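Peer 1: So I've got this file, data-v3.pdb, and it contains PDB, C-alpha atoms:
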```
ATOM      1  CA  MET V1287    -116.703  19.722  61.244
ATOM      2  CA  ARG V1288    -119.191  20.772  58.562
ATOM      3  CA  TRP V1289    -118.113  22.971  55.693
ATOM      4  CA  SER V1290    -120.096  25.894  54.327
ATOM      5  CA  LEU V1291    -119.888  26.133  50.559
ATOM      6  CA  PRO V1292    -118.846  29.475  49.067
ATOM      7  CA  ASP V1293    -120.564  31.008  46.107
ATOM      8  CA  ILE V1294    -118.818  30.176  42.834
ATOM      9  CA  GLU V1295    -118.356  33.029  40.404
ATOM     10  CA  ASP V1296    -120.654  32.944  37.371
ATOM     11  CA  ARG V1297    -123.016  30.575  39.159
ATOM     12  CA  PRO V1298    -126.458  30.988  37.545
ATOM     13  CA  ALA V1299    -129.356  31.620  39.846
ATOM     14  CA  ALA V1300    -131.321  28.505  40.721
ATOM     15  CA  ARG V1301    -134.914  28.485  39.508
ATOM     16  CA  PRO V1302    -137.157  27.135  42.292
ATOM     17  CA  ALA V1303    -139.611  24.456  41.257
ATOM     18  CA  PRO V1304    -143.175  25.783  41.636
ATOM     19  CA  ARG V1305    -144.574  23.865  44.606
ATOM     20  CA  PRO V1306    -145.811  24.733  48.108
ATOM     21  CA  SER V1307    -143.695  23.801  51.150
ATOM     22  CA  ARG V1308    -144.827  20.702  53.056
ATOM     23  CA  SER V1309    -143.803  18.467  55.905
ATOM     24  CA  ARG V1310    -141.289  15.667  55.463
ATOM     25  CA  ALA V1311    -143.992  13.083  56.130
ATOM     26  CA  ALA V1312    -146.159  14.546  53.393
ATOM     27  CA  ALA V1313    -143.165  14.672  51.049
ATOM     28  CA  LEU V1314    -142.367  11.000  51.731
ATOM     29  CA  ARG V1315    -145.952  10.048  50.901
ATOM     30  CA  ALA V1316    -145.691  12.041  47.698
ATOM     31  CA  ALA V1317    -142.452  10.244  46.772
ATOM     32  CA  SER V1318    -144.351   6.975  46.505
ATOM     33  CA  GLY V1319    -147.301   8.497  44.691
ATOM     34  CA  PRO V1320    -148.114   8.714  40.989
ATOM     35  CA  GLY V1321    -147.069  12.368  40.705
ATOM     36  CA  PHE V1322    -143.455  11.709  41.698
ATOM     37  CA  ARG V1323    -141.007  11.615  38.786
ATOM     38  CA  GLU V1324    -137.241  11.339  38.502
ATOM     39  CA  VAL V1325    -134.773  12.304  35.789
ATOM     40  CA  CYS V1326    -131.235  10.960  35.510
ATOM     41  CA  ARG V1327    -128.379  12.215  33.339
ATOM     42  CA  ALA V1328    -124.624  11.716  33.213
ATOM     43  CA  ARG V1329    -121.607  13.526  31.773
ATOM     44  CA  PRO V1330    -117.842  12.902  31.706
ATOM     45  CA  LEU V1331    -116.369  15.431  34.148
ATOM     46  CA  LEU V1332    -113.663  15.567  36.830
ATOM     47  CA  GLY V1333    -111.868  12.678  35.164
ATOM     48  CA  THR V1334    -114.811  10.354  35.776
ATOM     49  CA  ARG V1335    -118.509   9.881  35.043
ATOM     50  CA  VAL V1336    -120.778  12.253  36.953
ATOM     51  CA  GLU V1337    -124.389  11.088  37.293
ATOM     52  CA  ILE V1338    -127.163  13.304  38.658
ATOM     53  CA  ARG V1339    -130.627  12.116  39.708
ATOM     54  CA  ALA V1340    -133.316  14.661  40.507
ATOM     55  CA  GLY V1341    -136.778  13.679  41.700
ATOM     56  CA  GLY V1342    -139.974  15.334  42.874
ATOM     57  CA  ASP V1343    -143.440  16.325  41.808
ATOM     58  CA  ALA V1344    -142.234  19.267  39.715
ATOM     59  CA  ALA V1345    -142.616  19.229  35.952
ATOM     60  CA  GLU V1346    -140.002  17.169  34.152
ATOM     61  CA  GLU V1347    -138.685  20.264  32.366
ATOM     62  CA  ASP V1348    -138.089  21.939  35.734
ATOM     63  CA  LEU V1349    -136.168  18.903  36.980
ATOM     64  CA  HIS V1350    -134.027  18.942  33.844
ATOM     65  CA  ALA V1351    -133.417  22.685  34.264
ATOM     66  CA  ALA V1352    -132.189  22.052  37.822
ATOM     67  CA  VAL V1353    -129.891  19.272  36.592
ATOM     68  CA  ASP V1354    -128.464  21.676  33.988
ATOM     69  CA  LEU V1355    -127.595  24.104  36.792
ATOM     70  CA  ALA V1356    -125.969  21.329  38.813
ATOM     71  CA  PHE V1357    -123.820  20.216  35.885
ATOM     72  CA  ALA V1358    -122.797  23.844  35.339
ATOM     73  CA  ALA V1359    -121.589  23.967  38.967
ATOM     74  CA  VAL V1360    -119.546  20.781  38.493
ATOM     75  CA  GLU V1361    -118.070  22.112  35.249
ATOM     76  CA  ARG V1362    -117.006  25.286  37.053
ATOM     77  CA  VAL V1363    -115.094  23.238  39.637
ATOM     78  CA  HIS V1364    -113.524  21.242  36.813
ATOM     79  CA  ARG V1365    -112.289  24.421  35.106
ATOM     80  CA  LEU V1366    -110.910  25.930  38.317
ATOM     81  CA  MET V1367    -109.129  22.940  39.827
ATOM     82  CA  SER V1368    -108.098  20.625  36.999
ATOM     83  CA  TYR V1369    -104.428  19.628  37.024
ATOM     84  CA  HIS V1370    -104.771  18.700  33.342
ATOM     85  CA  ASP V1371    -105.990  22.148  32.238
ATOM     86  CA  PRO V1372    -103.092  24.574  31.636
ATOM     87  CA  GLY V1373    -105.514  27.465  32.148
ATOM     88  CA  SER V1374    -106.917  26.368  35.515
ATOM     89  CA  GLU V1375    -106.358  28.256  38.752
ATOM     90  CA  LEU V1376    -104.624  25.206  40.198
ATOM     91  CA  THR V1377    -102.091  25.216  37.344
ATOM     92  CA  ARG V1378    -101.485  28.919  37.900
ATOM     93  CA  LEU V1379    -100.788  28.267  41.579
ATOM     94  CA  ASN V1380     -98.356  25.478  40.795
ATOM     95  CA  ARG V1381     -96.507  27.620  38.274
ATOM     96  CA  HIS V1382     -96.449  31.015  39.978
ATOM     97  CA  ALA V1383     -97.331  30.900  43.716
ATOM     98  CA  GLY V1384     -93.679  30.282  44.581
ATOM     99  CA  ALA V1385     -92.706  33.594  43.014
ATOM    100  CA  ALA V1386     -95.596  35.832  44.108
ATOM    101  CA  PRO V1387     -98.886  35.489  46.027
ATOM    102  CA  GLN V1388    -101.770  34.463  43.763
ATOM    103  CA  ARG V1389    -105.397  35.472  44.157
ATOM    104  CA  VAL V1390    -107.885  32.671  43.418
ATOM    105  CA  SER V1391    -111.644  32.239  43.402
ATOM    106  CA  ALA V1392    -113.654  31.538  46.540
ATOM    107  CA  GLY V1393    -114.198  27.941  45.441
ATOM    108  CA  THR V1394    -110.523  27.139  44.887
ATOM    109  CA  LEU V1395    -109.619  28.858  48.131
ATOM    110  CA  ALA V1396    -112.224  26.857  50.077
ATOM    111  CA  VAL V1397    -111.006  23.534  48.681
ATOM    112  CA  LEU V1398    -107.360  24.414  49.325
ATOM    113  CA  GLU V1399    -108.100  25.455  52.909
ATOM    114  CA  ALA V1400    -110.018  22.203  53.441
ATOM    115  CA  ALA V1401    -107.120  20.192  51.979
ATOM    116  CA  LEU V1402    -104.660  21.880  54.339
ATOM    117  CA  HIS V1403    -107.036  21.279  57.263
ATOM    118  CA  PHE V1404    -107.204  17.553  56.548
ATOM    119  CA  ALA V1405    -103.434  17.411  56.054
ATOM    120  CA  ARG V1406    -102.925  18.898  59.523
ATOM    121  CA  LEU V1407    -105.673  16.778  61.079
ATOM    122  CA  SER V1408    -104.157  13.577  59.695
ATOM    123  CA  GLU V1409    -100.522  14.560  60.351
ATOM    124  CA  GLY V1410     -99.854  14.444  56.619
ATOM    125  CA  ALA V1411    -101.641  11.172  55.786
ATOM    126  CA  PHE V1412    -103.905  13.241  53.556
ATOM    127  CA  ASP V1413    -101.379  15.043  51.391
ATOM    128  CA  PRO V1414    -102.324  17.450  48.558
ATOM    129  CA  GLY V1415     -98.628  17.803  47.711
ATOM    130  CA  VAL V1416     -97.985  14.430  46.033
ATOM    131  CA  ALA V1417     -98.545  15.641  42.469
ATOM    132  CA  ALA V1418     -94.882  15.318  41.483
ATOM    133  CA  THR V1419     -95.004  11.597  42.258
ATOM    134  CA  LEU V1420     -98.200  11.195  40.227
ATOM    135  CA  GLU V1421     -96.533  13.073  37.383
ATOM    136  CA  GLN V1422     -93.643  10.614  37.497
ATOM    137  CA  TRP V1423     -96.035   7.652  37.342
ATOM    138  CA  GLY V1424     -97.950   9.138  34.410
ATOM    139  CA  TYR V1425    -101.239   9.950  36.157
ATOM    140  CA  LEU V1426    -100.766  13.722  35.853
ATOM    141  CA  PRO V1427     -99.157  15.855  33.127
ATOM    142  CA  LYS V1428     -95.731  17.244  33.899
ATOM    143  CA  ILE V1429     -95.731  20.982  34.537
ATOM    144  CA  GLY V1430     -92.056  21.397  35.432
ATOM    145  CA  ALA V1431     -88.723  19.700  34.959
ATOM    146  CA  ALA V1432     -87.242  19.944  38.455
ATOM    147  CA  PRO V1433     -88.944  18.109  41.326
ATOM    148  CA  PRO V1434     -90.338  20.546  43.913
ATOM    149  CA  ALA V1435     -88.448  20.953  47.185
ATOM    150  CA  GLY V1436     -91.472  21.902  49.280
ATOM    151  CA  SER V1437     -94.552  20.197  50.704
ATOM    152  CA  TRP V1438     -98.074  21.130  51.745
ATOM    153  CA  ARG V1439     -96.548  22.692  54.868
ATOM    154  CA  ASP V1440     -95.028  25.387  52.631
ATOM    155  CA  VAL V1441     -98.465  26.541  51.416
ATOM    156  CA  GLU V1442     -99.810  29.711  53.013
ATOM    157  CA  VAL V1443    -103.220  31.317  52.661
ATOM    158  CA  THR V1444    -102.671  34.994  53.414
ATOM    159  CA  PRO V1445    -105.141  37.086  55.461
ATOM    160  CA  ASP V1446    -106.319  38.829  52.280
ATOM    161  CA  GLY V1447    -107.194  35.514  50.609
ATOM    162  CA  CYS V1448    -104.139  34.976  48.415
ATOM    163  CA  VAL V1449    -102.037  31.828  48.168
ATOM    164  CA  ARG V1450     -98.268  31.664  48.209
ATOM    165  CA  PHE V1451     -95.678  28.890  48.404
ATOM    166  CA  HIS V1452     -92.628  29.380  50.614
ATOM    167  CA  ARG V1453     -90.867  26.670  48.610
ATOM    168  CA  PRO V1454     -91.883  25.124  45.263
ATOM    169  CA  VAL V1455     -94.847  22.749  45.639
ATOM    170  CA  ARG V1456     -96.962  20.760  43.199
ATOM    171  CA  LEU V1457    -100.498  20.674  44.551
ATOM    172  CA  ASP V1458    -103.103  18.201  43.358
ATOM    173  CA  LEU V1459    -106.616  18.757  44.699
ATOM    174  CA  GLY V1460    -107.989  15.611  43.067
ATOM    175  CA  GLY V1461    -108.323  13.886  46.443
ATOM    176  CA  ILE V1462    -110.893  16.400  47.630
ATOM    177  CA  ALA V1463    -112.189  18.592  44.775
ATOM    178  CA  LYS V1464    -114.455  15.848  43.447
ATOM    179  CA  GLY V1465    -116.257  15.746  46.791
ATOM    180  CA  PHE V1466    -116.557  19.529  46.775
ATOM    181  CA  ALA V1467    -118.100  19.413  43.295
ATOM    182  CA  VAL V1468    -120.650  16.825  44.459
ATOM    183  CA  ASP V1469    -121.593  19.012  47.429
ATOM    184  CA  LEU V1470    -121.947  22.069  45.206
ATOM    185  CA  ALA V1471    -124.178  20.171  42.784
ATOM    186  CA  VAL V1472    -126.358  18.966  45.660
ATOM    187  CA  ARG V1473    -126.728  22.499  47.023
ATOM    188  CA  THR V1474    -127.645  23.776  43.565
ATOM    189  CA  LEU V1475    -130.363  21.139  43.160
ATOM    190  CA  ARG V1476    -131.817  21.721  46.610
ATOM    191  CA  GLU V1477    -131.877  25.500  46.060
ATOM    192  CA  ALA V1478    -133.803  24.824  42.853
ATOM    193  CA  GLY V1479    -136.491  23.032  44.870
ATOM    194  CA  VAL V1480    -135.570  19.443  43.965
ATOM    195  CA  GLU V1481    -136.868  17.147  46.687
ATOM    196  CA  ALA V1482    -134.880  13.965  46.014
ATOM    197  CA  VAL V1483    -131.238  14.188  44.946
ATOM    198  CA  VAL V1484    -128.396  11.783  44.189
ATOM    199  CA  VAL V1485    -125.092  13.037  42.771
ATOM    200  CA  ASP V1486    -122.493  10.366  42.000
ATOM    201  CA  ALA V1487    -119.019  11.272  40.729
ATOM    202  CA  GLY V1488    -117.252   7.995  40.095
ATOM    203  CA  GLY V1489    -118.313   6.452  43.394
ATOM    204  CA  ASP V1490    -118.069   9.629  45.485
ATOM    205  CA  LEU V1491    -121.715  10.409  46.049
ATOM    206  CA  ARG V1492    -124.209  12.243  48.182
ATOM    207  CA  VAL V1493    -127.886  11.651  48.824
ATOM    208  CA  ALA V1494    -130.125  14.565  49.842
ATOM    209  CA  GLY V1495    -133.820  15.182  50.274
ATOM    210  CA  ILE V1496    -136.749  12.969  51.049
ATOM    211  CA  VAL V1497    -135.722   9.615  49.523
ATOM    212  CA  PRO V1498    -133.089   7.507  51.335
ATOM    213  CA  ARG V1499    -130.947   5.190  49.211
ATOM    214  CA  ARG V1500    -129.104   1.922  49.709
ATOM    215  CA  ILE V1501    -125.661   2.101  48.114
ATOM    216  CA  GLY V1502    -123.648  -0.991  47.261
ATOM    217  CA  LEU V1503    -119.953  -1.130  48.149
ATOM    218  CA  ARG V1504    -117.755  -2.646  45.450
ATOM    219  CA  ASP V1505    -116.154  -5.987  46.183
ATOM    220  CA  PRO V1506    -112.362  -5.357  46.110
ATOM    221  CA  ARG V1507    -111.838  -8.852  44.678
ATOM    222  CA  ALA V1508    -114.375  -8.284  41.882
ATOM    223  CA  PRO V1509    -115.101  -4.529  41.701
ATOM    224  CA  ALA V1510    -117.737  -4.903  38.997
ATOM    225  CA  GLY V1511    -120.021  -6.255  41.742
ATOM    226  CA  SER V1512    -120.890  -5.291  45.310
ATOM    227  CA  VAL V1513    -120.690  -7.359  48.459
ATOM    228  CA  HIS V1514    -121.973  -4.977  51.158
ATOM    229  CA  SER V1515    -124.303  -1.985  51.199
ATOM    230  CA  VAL V1516    -124.694   1.240  53.174
ATOM    231  CA  ASP V1517    -127.920   3.146  53.800
ATOM    232  CA  LEU V1518    -127.679   6.879  53.103
ATOM    233  CA  GLU V1519    -130.158   9.564  54.081
ATOM    234  CA  ASN V1520    -128.952  13.144  53.726
ATOM    235  CA  ALA V1521    -125.374  11.916  53.841
ATOM    236  CA  ALA V1522    -122.376  11.256  51.607
ATOM    237  CA  LEU V1523    -120.218   8.239  50.836
ATOM    238  CA  ALA V1524    -116.776   8.169  49.213
ATOM    239  CA  THR V1525    -114.516   5.232  48.393
ATOM    240  CA  SER V1526    -110.786   4.947  47.737
ATOM    241  CA  ALA V1527    -109.203   1.814  46.278
ATOM    242  CA  GLY V1528    -106.511   0.955  43.781
ATOM    243  CA  TYR V1529    -108.360  -1.622  41.690
ATOM    244  CA  PHE V1530    -109.278   0.693  38.791
ATOM    245  CA  SER V1531    -106.120   2.855  38.650
ATOM    246  CA  ARG V1532    -103.534   0.072  39.201
ATOM    247  CA  ARG V1533    -101.273  -0.407  36.180
ATOM    248  CA  TRP V1534     -97.782  -1.415  35.030
ATOM    249  CA  ASP V1535     -95.533   1.589  34.291
ATOM    250  CA  GLY V1536     -92.802  -0.432  32.590
ATOM    251  CA  GLU V1537     -90.874  -1.164  35.773
ATOM    252  CA  ARG V1538     -93.451  -1.922  38.455
ATOM    253  CA  TYR V1539     -97.098  -1.672  39.341
ATOM    254  CA  VAL V1540     -98.346   1.744  40.457
ATOM    255  CA  SER V1541    -101.711   3.298  41.324
ATOM    256  CA  ALA V1542    -103.190   6.784  41.614
ATOM    257  CA  LEU V1543    -103.036   6.529  45.428
ATOM    258  CA  VAL V1544     -99.727   7.559  47.022
ATOM    259  CA  ASP V1545     -98.730   6.790  50.602
ATOM    260  CA  PRO V1546     -97.222  10.147  51.658
ATOM    261  CA  ALA V1547     -94.983   8.576  54.304
ATOM    262  CA  SER V1548     -93.226   6.205  51.919
ATOM    263  CA  ALA V1549     -93.979   7.768  48.496
ATOM    264  CA  GLN V1550     -95.061   4.268  47.423
ATOM    265  CA  PRO V1551     -98.224   3.357  45.493
ATOM    266  CA  PHE V1552    -101.156   1.787  47.293
ATOM    267  CA  LEU V1553    -101.481  -1.676  45.739
ATOM    268  CA  ALA V1554    -103.344  -3.682  48.357
ATOM    269  CA  GLY V1555    -106.485  -5.389  47.154
ATOM    270  CA  SER V1556    -108.720  -3.599  49.641
ATOM    271  CA  SER V1557    -110.895  -0.520  49.795
ATOM    272  CA  VAL V1558    -111.969   2.149  52.255
ATOM    273  CA  SER V1559    -115.360   3.834  52.172
ATOM    274  CA  VAL V1560    -116.311   6.715  54.466
ATOM    275  CA  ARG V1561    -119.800   7.980  55.267
ATOM    276  CA  ALA V1562    -119.989  11.618  56.353
ATOM    277  CA  PHE V1563    -122.390  14.534  56.257
ATOM    278  CA  ASP V1564    -120.766  16.055  53.160
ATOM    279  CA  CYS V1565    -118.861  14.504  50.279
ATOM    280  CA  MET V1566    -115.750  16.687  50.544
ATOM    281  CA  THR V1567    -115.158  15.380  54.061
ATOM    282  CA  ALA V1568    -115.864  11.778  53.049
ATOM    283  CA  ASP V1569    -113.546  12.088  50.040
ATOM    284  CA  ALA V1570    -110.617  13.359  52.121
ATOM    285  CA  LEU V1571    -111.105  10.910  54.983
ATOM    286  CA  THR V1572    -110.802   7.844  52.751
ATOM    287  CA  LYS V1573    -107.119   8.720  52.270
ATOM    288  CA  VAL V1574    -106.722   9.370  55.995
ATOM    289  CA  VAL V1575    -108.042   5.899  56.832
ATOM    290  CA  LEU V1576    -105.848   4.324  54.157
ATOM    291  CA  PHE V1577    -102.567   5.932  55.225
ATOM    292  CA  ALA V1578    -102.743   7.332  58.776
ATOM    293  CA  PRO V1579    -101.879   5.348  61.914
ATOM    294  CA  PRO V1580    -105.105   3.872  63.350
ATOM    295  CA  ALA V1581    -105.221   6.260  66.314
ATOM    296  CA  VAL V1582    -104.893   9.290  64.029
ATOM    297  CA  ALA V1583    -107.541   7.961  61.636
ATOM    298  CA  GLU V1584    -109.966   7.223  64.484
ATOM    299  CA  ARG V1585    -109.483  10.729  65.890
ATOM    300  CA  ALA V1586    -110.137  12.304  62.487
ATOM    301  CA  LEU V1587    -113.267  10.223  61.920
ATOM    302  CA  ALA V1588    -114.614  11.125  65.365
ATOM    303  CA  GLN V1589    -113.940  14.834  64.890
ATOM    304  CA  CYS V1590    -115.799  14.772  61.574
ATOM    305  CA  GLU V1591    -118.644  12.559  62.867
ATOM    306  CA  ALA V1592    -117.841  10.083  60.100
ATOM    307  CA  HIS V1593    -117.717   6.303  59.831
ATOM    308  CA  ALA V1594    -115.340   4.108  57.843
ATOM    309  CA  PHE V1595    -116.034   0.785  56.126
ATOM    310  CA  VAL V1596    -112.872  -1.174  55.345
ATOM    311  CA  GLN V1597    -113.064  -4.114  53.000
ATOM    312  CA  ALA V1598    -109.876  -6.155  53.158
ATOM    313  CA  SER V1599    -108.619  -8.450  50.457
ATOM    314  CA  PRO V1600    -105.269 -10.195  50.262
ATOM    315  CA  GLY V1601    -102.236  -8.849  48.556
ATOM    316  CA  PRO V1602    -101.417  -6.735  45.504
TER     317      PRO V1602
END
```
Would you put the structure from the file into structure tokens?
Peer 2:
Amino acid sequence: MRWSLPDIEDRPAARPAPRPSRSRAAALRAASGPGFREVCRARPLLGTRVEIRAGGDAAEEDLHAAVDLAFAAVERVHRLMSYHDPGSELTRLNRHAGAAPQRVSAGTLAVLEAALHFARLSEGAFDPGVAATLEQWGYLPKIGAAPPAGSWRDVEVTPDGCVRFHRPVRLDLGGIAKGFAVDLAVRTLREAGVEAVVVDAGGDLRVAGIVPRRIGLRDPRAPAGSVHSVDLENAALATSAGYFSRRWDGERYVSALVDPASAQPFLAGSSVSVRAFDCMTADALTKVVLFAPPAVAERALAQCEAHAFVQASPGP
């Protein structure tokens, strides 16, 4: 399944780079020529470091202008779907959707519908309703005293595009919104005429345009280095692992990855990377491969035309 990205409110119009259209072969030749240039910038967003590379034969100021638009798209996703922002649409849903249907933006609605799709596809192995557990472990701010009685199955998107909870739920879209933001940034850059694009949000990345890339996969035993690599051409790659979020909470080790079936933290010294057409799909499927029974994970990967790379390492 391939997702179509909705328009995000207040999205500035992309300014096309002034260049004539040309064949892919001609563009590839240009990418190795003296007129090809690339700019790279990074900002702290989405709880991680977002890096954007934009390349082509356009003027450097045009490439930077396109990168500005892409960062604006990522910032919009951050404002809409942040669990940490008391003014975000996600916080409003968690506080009020149990009492009355809530209308949200097209972007938030698209990510929520995708999250519910992957929850159904994986039989709950991808679960956007584990926020209360992450609150308890200190990864998310607490937004209520009583633990919610509901689950993702109690979330309804009404025919008129509103969201309501049939029982109290705490939704966290962090397992999928980062991929959506990457995809939105890529679309923004391509609409602006950028020929070679890489958007990397803390290891969830997408490559688009005329220049393929070789991406290193972190070694779970020594995550500062890589041990394998994956070639990407107009594709995305996302990775889930516990090595950076694992910590002692005063009683035991926890991580930012929750097994929905057991409500236990993922502590194994291994990682899962998924290559897919878009980053939102790759981002969600890493959790499916981590937590679903093998047959369910294989079915989900096949349906999404995705591939998983599992790097095993012993023990917590």
Peer 1: Just give me the gap between atom CA of Val1449 of chain V and atom CA of Val1416 of chain V in Å, one decimal is fine.
Peer 2: 18.0 Å
Peer 1: Any idea what's packed within 12 Å of Gly1528 of chain V, counting all atoms listed in the file, ignoring anything in its chain fewer than 2 positions away? Could you give it as an NGL selection string?
Peer 2: :V and (1504 or 1506-1507 or 1509 or 1525-1526 or 1530-1533 or 1539-1545 or 1551-1558 or 1573 or 1576 or 1599 or 1601-1602)
Peer 1: Put those residues in a file: C-alpha atoms, as a compact mmCIF listing (two decimals), keeping the file's coordinate frame.
Peer 2:
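Result file follows (selection_15.txt):
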```txt
# COMPACT_ATOMS: atom_id res chain seq x y z
CA ARG V 1504 -117.76 -2.65 45.45
CA PRO V 1506 -112.36 -5.36 46.11
CA ARG V 1507 -111.84 -8.85 44.68
CA PRO V 1509 -115.10 -4.53 41.70
CA THR V 1525 -114.52 5.23 48.39
CA SER V 1526 -110.79 4.95 47.74
CA PHE V 1530 -109.28 0.69 38.79
CA SER V 1531 -106.12 2.86 38.65
CA ARG V 1532 -103.53 0.07 39.20
CA ARG V 1533 -101.27 -0.41 36.18
CA TYR V 1539 -97.10 -1.67 39.34
CA VAL V 1540 -98.35 1.74 40.46
CA SER V 1541 -101.71 3.30 41.32
CA ALA V 1542 -103.19 6.78 41.61
CA LEU V 1543 -103.04 6.53 45.43
CA VAL V 1544 -99.73 7.56 47.02
CA ASP V 1545 -98.73 6.79 50.60
CA PRO V 1551 -98.22 3.36 45.49
CA PHE V 1552 -101.16 1.79 47.29
CA LEU V 1553 -101.48 -1.68 45.74
CA ALA V 1554 -103.34 -3.68 48.36
CA GLY V 1555 -106.48 -5.39 47.15
CA SER V 1556 -108.72 -3.60 49.64
CA SER V 1557 -110.90 -0.52 49.80
CA VAL V 1558 -111.97 2.15 52.26
CA LYS V 1573 -107.12 8.72 52.27
CA LEU V 1576 -105.85 4.32 54.16
CA SER V 1599 -108.62 -8.45 50.46
CA GLY V 1601 -102.24 -8.85 48.56
CA PRO V 1602 -101.42 -6.74 45.50
```
Peer 1: So what does the PyMOL selection byres ((chain V and resi 1337) around 9) actually pick up in this one, as a PDB file with C-alpha atoms, in the frame of the given file?
Peer 2:
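File written: selection.pdb
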```
ATOM      1  CA  CYS V1326    -131.235  10.960  35.510  1.00  0.00           C
ATOM      2  CA  ARG V1327    -128.379  12.215  33.339  1.00  0.00           C
ATOM      3  CA  ALA V1328    -124.624  11.716  33.213  1.00  0.00           C
ATOM      4  CA  ARG V1329    -121.607  13.526  31.773  1.00  0.00           C
ATOM      5  CA  PRO V1330    -117.842  12.902  31.706  1.00  0.00           C
ATOM      6  CA  ARG V1335    -118.509   9.881  35.043  1.00  0.00           C
ATOM      7  CA  VAL V1336    -120.778  12.253  36.953  1.00  0.00           C
ATOM      8  CA  ILE V1338    -127.163  13.304  38.658  1.00  0.00           C
ATOM      9  CA  ARG V1339    -130.627  12.116  39.708  1.00  0.00           C
ATOM     10  CA  VAL V1484    -128.396  11.783  44.189  1.00  0.00           C
ATOM     11  CA  VAL V1485    -125.092  13.037  42.771  1.00  0.00           C
ATOM     12  CA  ASP V1486    -122.493  10.366  42.000  1.00  0.00           C
ATOM     13  CA  ALA V1487    -119.019  11.272  40.729  1.00  0.00           C
ATOM     14  CA  GLY V1488    -117.252   7.995  40.095  1.00  0.00           C
TER      15      GLY V1488
END
```
Peer 1: For a test of reading the model, state the distance in Å between atom CA of Phe1466 of chain V and atom CA of Leu1571 of chain V, rounded to one decimal.
Peer 2: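 One can read the atom CA of Phe1466 of chain V to atom CA of Leu1571 of chain V distance as 13.1 Å.
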Peer 1: Interatomic distance between atom CA of Leu1349 of chain V and atom CA of Ala1521 of chain V?
Peer 2: 21.2 Å
Peer 1: Give me the result of the PyMOL selection byres ((chain V and resi 1518) around 7) on this file, residue by residue, as a ChimeraX atom specification.
Peer 2: /V:1493,1498-1500,1516-1517,1519-1521
Peer 1: At a cut-off of 9 Å around the point (-105.7, 24.3, 47.9) (file coordinates), what residues fall inside when counting all atoms listed in the file? I'd like the answer as a JSON list (two decimals) with C-alpha atoms, keeping the file's coordinate frame.
Peer 2:
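Written out: selection-v2.json:
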```json
[["chain", "number", "residue", "atom", "x", "y", "z"],
["V", 1367, "MET", "CA", -109.13, 22.94, 39.83],
["V", 1376, "LEU", "CA", -104.62, 25.21, 40.20],
["V", 1379, "LEU", "CA", -100.79, 28.27, 41.58],
["V", 1394, "THR", "CA", -110.52, 27.14, 44.89],
["V", 1395, "LEU", "CA", -109.62, 28.86, 48.13],
["V", 1396, "ALA", "CA", -112.22, 26.86, 50.08],
["V", 1397, "VAL", "CA", -111.01, 23.53, 48.68],
["V", 1398, "LEU", "CA", -107.36, 24.41, 49.32],
["V", 1399, "GLU", "CA", -108.10, 25.46, 52.91],
["V", 1400, "ALA", "CA", -110.02, 22.20, 53.44],
["V", 1401, "ALA", "CA", -107.12, 20.19, 51.98],
["V", 1402, "LEU", "CA", -104.66, 21.88, 54.34],
["V", 1414, "PRO", "CA", -102.32, 17.45, 48.56],
["V", 1441, "VAL", "CA", -98.46, 26.54, 51.42],
["V", 1443, "VAL", "CA", -103.22, 31.32, 52.66],
["V", 1449, "VAL", "CA", -102.04, 31.83, 48.17],
["V", 1457, "LEU", "CA", -100.50, 20.67, 44.55],
["V", 1458, "ASP", "CA", -103.10, 18.20, 43.36],
["V", 1459, "LEU", "CA", -106.62, 18.76, 44.70]]
```
Peer 1: Which residues match the PyMOL selection byres ((chain V and resi 1350-1366) around 9) in the file above, as a PyMOL selection string?
Peer 2: chain V and resi 1294-1303+1325-1329+1331-1333+1336+1338-1340+1345-1349+1367-1368+1371+1373-1377+1390-1391+1393-1394+1463-1464+1466-1468+1470-1480
Peer 1: Of the candidates V:Ala1570, V:Leu1503, V:Cys1565, V:Leu1407, which one gets nearest to Asp1490 of chain V if we count all atoms listed in the file?
Peer 2: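 Closest candidate: V:Cys1565.
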Peer 1: List every protein, DNA or RNA residue that has an atom no more than 9 Å from (-98.0, 15.1, 45.5) in the file's coordinate frame, counting only C-alpha atoms, and report them as a VMD selection string.
Peer 2: chain V and resid 1413 to 1421 1437 to 1438 1455 to 1458 1544 1546 1549
Peer 1: Residues of the last selection are to be written out with C-alpha atoms, as a compact mmCIF listing (two decimals), in the frame of the given file.
Peer 2:
```
# COMPACT_ATOMS: atom_id res chain seq x y z
CA ASP V 1413 -101.38 15.04 51.39
CA PRO V 1414 -102.32 17.45 48.56
CA GLY V 1415 -98.63 17.80 47.71
CA VAL V 1416 -97.98 14.43 46.03
CA ALA V 1417 -98.54 15.64 42.47
CA ALA V 1418 -94.88 15.32 41.48
CA THR V 1419 -95.00 11.60 42.26
CA LEU V 1420 -98.20 11.20 40.23
CA GLU V 1421 -96.53 13.07 37.38
CA SER V 1437 -94.55 20.20 50.70
CA TRP V 1438 -98.07 21.13 51.74
CA VAL V 1455 -94.85 22.75 45.64
CA ARG V 1456 -96.96 20.76 43.20
CA LEU V 1457 -100.50 20.67 44.55
CA ASP V 1458 -103.10 18.20 43.36
CA VAL V 1544 -99.73 7.56 47.02
CA PRO V 1546 -97.22 10.15 51.66
CA ALA V 1549 -93.98 7.77 48.50
```
Peer 1: So, counting only C-alpha atoms, which residue among V:Ala1598, V:Gly1460, V:Arg1492, V:Glu1481 is closest to Val1513 of chain V?
Peer 2: V:Ala1598
Peer 1: Find, counting all atoms listed in the file, the residue in V:Pro1454, V:Ala1578, V:Phe1322, V:Ala1432 that gets nearest to Ser1548 of chain V.
Peer 2: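 That would be V:Ala1578, the residue with the smallest distance to Ser1548 of chain V.
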